[in-house]
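This report concerns only the one structure given below.
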Amino acid sequence: MDELHVIDKNGILIAGSIPKYIGMDFRSTKQTSEFLQILDHKTDELIQKIQPNGAEKKVFQYIGVRRQDEEGIIQIGISPTTLLEAQKRNEISYVLDNLQLGHDLNIVCVNKDNEKIAYTGMDEKEASTWKLTYDAHEQFNDGGTYTWNNEKHYVMSTTYDDMAIFAMMPQHEVFADRNSQMGIIVICMVVVSIITILVLNLLIKKNITNGIKELSSNLHRISNGELDTVVSVDTTPEFQQISSDINKMVQSILNTTVKVSKIIDIIDMPIGVFEMRKEGDIVLVNDRLKHIMLWSDEEAEAYFKDKALFLSKLKEITNHEQLDDAYRIHKSPELWVRLYFSSDDDSFYGIITDVTKEIKEKKNIEYQRDHDNLTGLNNMHHFKEMISRITYQKHHQQALIMLDLDHFKNINDTFGHDWGDIYLQKIAMALNALENDHCITARRSGDEFCIFFYHFENQAMIREIMHQFYHDLSMKLITFPDGTKKAISISAGLSWCNQNDTIDVWLKQADIALYDSKHRKRGALSEFKEDGLCK
């Protein structure tokens with residue numbers, strides 16, 4: 001296309017590629033007026049023959065069409081030279097001449113009259129030796145061999161309009177690049193394989209390997225007691241399902257543990273339970289354990305997160321005062337606990353029970369068994385038992401003293417048994433004042449009492465204690481129901497304990513000395529001598 005013009009509805013050229021034509025009235029020349037029939041709606045297009053134009057008498061071929069946007073004409077002009085060039089480019093010979101073909105590839109076009117319309121890759125002399133006709137194309141539609149210039153060629157054919165097109169290449173050239181092409185293919189396949197493997201490895205690592213590692217890490221933490229761990233691996237739907245199932249399983253375990261704890265709480269059992277895995281630092285416990293041990297929330301959290309610290313606290317318990325298999329871990333308030341342990345290949349288990357009530361009841365029973373109900377002094381059975389446990393020490397003095405209240409029968413008869421009991425309790429208070437690391441007191445029966453002194457360096461020290469005892473009694477006057485005030489009067493007999501004798505022998509000797517005190521001088525202490533005499 002050499003020219004382009006736009007004509008309005010009045011037949012005036014208003015725009016175009018040739019500025020000097022602008023403003024031209026198409027009615028002014030015969031050549032241009034022919035296009036006005038488009039404006040008269042007699043036709044939508046007009047193709048003129050090659051002729052001189054109306055403006056400059058230049059030989060052109062003009063083509064006009066109706067405008068689609070508004071009333072008017074679009075016109076193009078083509079010079080004969082341009083037209084010939086365009087026609088030439090549409091010829092098969094031109095197309096073949098401009099194809100970029102290998103030097104061993106030949107193309108021949110034959111019409112139905114078996115005339116060679118065009119060819120490439122050969123000269124005219126070589127083309128004259130070409131013997132394939134139009135009808136031969138059917139033979140080579142799927143490829144075949146043809147001998148030309150004494151050399152076998154591989155031939156492919158097809159048809160276009162009224163032409164048969166043959167493409168031909170020497171047979172040895174068809175596979176000439178096979179090895180290099182195979183090498184390229186192999187290299188490409190290797191590269192593609194490596195890239196594929198890398199991509200697959202990356203995808204597997206991202207979606208599977210990393211997911212497995214995270215699952216393994218979470219399961220390891222859960223197995224070590226960190227049951228608050230939430231598994232959330234979502235790289236694949238399968239891992240999402242596994243994560244959900246693991247979380248449900250852990251929650252089920254926690255729910256079971258909570259149920260057991262609630263059952264223990266419901267039946268009000270003072271039981272604390274713990275578990276320590278051999279791998280991991282977390283200690284699993286029930287809620288009641290920290291309350292039994294009187295631990296604060298901060299202390300409990302520290303102990304339960306550190307297995308070594310928790311074990312040290314257990315060991316510390318065993319260093320406290322022990323009664324039977326229980327340990328007193330607090331004095332105020334008094335708290336006794338009992339420990340039970342068990343283990344298997346993976347864990348160490350334990351139960352800590354609060355046995356304070358049991359121990360107190362046991363101690364109370366033992367106290368009632370070993371003490372006189374009225375005075376609180378040891379009874380004779382316990383008195384003898386305690387003496388039997390005392391280790392005799394050479395060069396140290398031991399003495400057993402029997403005491404008997406003077407005129408107690410008369411006091412009972414005069415003031416009644418209730419006052420008599422008060423009187424007994426007052427002498428018991430005086431005897432209790434003697435109790436220390438080297439003295440044991442007891443009520444024998446009725447108005448009779450016993451004292452046992454042990455591990456004194458000499459007899460004089462014991463005599464001094466008894467002298468002070470009698471002095472204190474004389475200074476503490478008791479007001480009787482009739483208003484009179486008197487000191488407690490009590491007679492005593494002392495036996496110096498020989499290691500070779502028994503407790504019963506000591507009691508008998510003290511009894512003899514007491515008898516002497518009763519009949520010789522009431523309210524005083526007599527001593528038994530080896531010769532059987534008293535002083």
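In the structure tokens, chains take the letters A, B, ... in the order shown, each chain's residues start at 1, and ligands count up from 1 in the order shown.
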
| Within 12 Å of Asp345 in chain A using only C-alpha atoms, minus same-chain residues under 6 positions, as a list in words | Met276, Arg277, Lys278 and Glu279 of chain A

Grab the residues selected above and save them as a JSON list (two decimals), in the first residue's frame with C-alpha atoms.
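Okay, out_30.json is ready:
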```json
[["chain", "number", "residue", "atom", "x", "y", "z"],
["A", 276, "MET", "CA", 9.02, -39.57, 86.09],
["A", 277, "ARG", "CA", 10.12, -40.79, 82.67],
["A", 278, "LYS", "CA", 13.74, -41.91, 82.35],
["A", 279, "GLU", "CA", 13.98, -39.60, 79.34]]
```

| said: Can you pull out the residues contacting range 321-334 of chain A? Cut-off 12 Å, using only C-alpha atoms, and skip same-chain residues under 4 positions away; I want them as a list in words. | reply: Ile292, Met293, Leu294, Trp295, Lys313, Leu314, Lys315, Glu316, Ile317, Arg338, Leu339, Tyr340, Ile352, Thr353, Asp354, Val355, Thr356, Lys357, Glu358, Ile359, Lys360, Lys362 and Lys363 of chain A

| message | Which residue is closest to Phe480 in chain A? Choose from A:Ile411, A:Leu105, A:Leu494, A:Ile451 and count only C-alpha atoms. | response |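 Among A:Ile411, A:Leu105, A:Leu494, A:Ile451, it is A:Ile411 that comes nearest to Phe480 in chain A.
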
| said: To one decimal place in Å, what is the distance between CA of Met386 in chain A and CA of Phe528 in chain A? | reply: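 Taking CA of Met386 in chain A and CA of Phe528 in chain A, their separation equals 22.7 Å.
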
| Interatomic distance between CA of Glu3 in chain A and CA of Glu56 in chain A? | 13.3 Å

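Taking only C-alpha atoms, the non-local environment of Ala428 in chain A within 9 Å (same-chain residues fewer than 6 positions away omitted) comprises Thr375, Gly376, Leu377, Thr441, Ala442, Arg443 and Phe449 of chain A.
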
Using only N, CA and C atoms, please write the residues we just selected to a file, as an mmCIF file, in the first residue's frame.
```cif
data_model
loop_
_atom_site.group_PDB
_atom_site.id
_atom_site.type_symbol
_atom_site.label_atom_id
_atom_site.label_comp_id
_atom_site.auth_asym_id
_atom_site.auth_seq_id
_atom_site.Cartn_x
_atom_site.Cartn_y
_atom_site.Cartn_z
ATOM 1 N N THR A 375 -3.157 -39.016 135.909
ATOM 2 C CA THR A 375 -2.020 -38.130 136.184
ATOM 3 C C THR A 375 -1.189 -37.800 134.953
ATOM 4 N N GLY A 376 -1.311 -38.596 133.875
ATOM 5 C CA GLY A 376 -0.480 -38.377 132.703
ATOM 6 C C GLY A 376 0.922 -38.920 132.842
ATOM 7 N N LEU A 377 1.236 -39.515 134.004
ATOM 8 C CA LEU A 377 2.559 -40.115 134.198
ATOM 9 C C LEU A 377 2.620 -41.459 133.493
ATOM 10 N N THR A 441 9.489 -40.762 135.392
ATOM 11 C CA THR A 441 8.525 -40.869 136.493
ATOM 12 C C THR A 441 7.358 -41.740 136.066
ATOM 13 N N ALA A 442 6.643 -42.318 137.073
ATOM 14 C CA ALA A 442 5.513 -43.192 136.777
ATOM 15 C C ALA A 442 4.587 -43.266 137.985
ATOM 16 N N ARG A 443 3.326 -43.622 137.698
ATOM 17 C CA ARG A 443 2.373 -43.943 138.778
ATOM 18 C C ARG A 443 2.298 -45.455 138.857
ATOM 19 N N PHE A 449 4.003 -43.932 143.568
ATOM 20 C CA PHE A 449 4.675 -43.405 142.385
ATOM 21 C C PHE A 449 6.117 -43.892 142.341
#
```

| task | Could you check how far CA of Ala167 in chain A sits from CA of Cys109 in chain A, in Å to one decimal? | result | 9.0 Å

| said: Please determine, counting only C-alpha atoms, which residue among A:Leu424, A:Leu36, A:Ile47, A:Ala492 has the shortest atom-to-atom distance to Ile73 in chain A. | reply: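 Closest to Ile73 in chain A, using only C-alpha atoms: A:Leu36.
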
| task | Would you list, as a VMD selection string, the residues of range 144-311 of chain A that end up in strand (DSSP E) under DSSP run on this structure's backbone? | result | chain A and resid 144 to 148 151 to 160 163 to 170 271 to 277 283 to 285
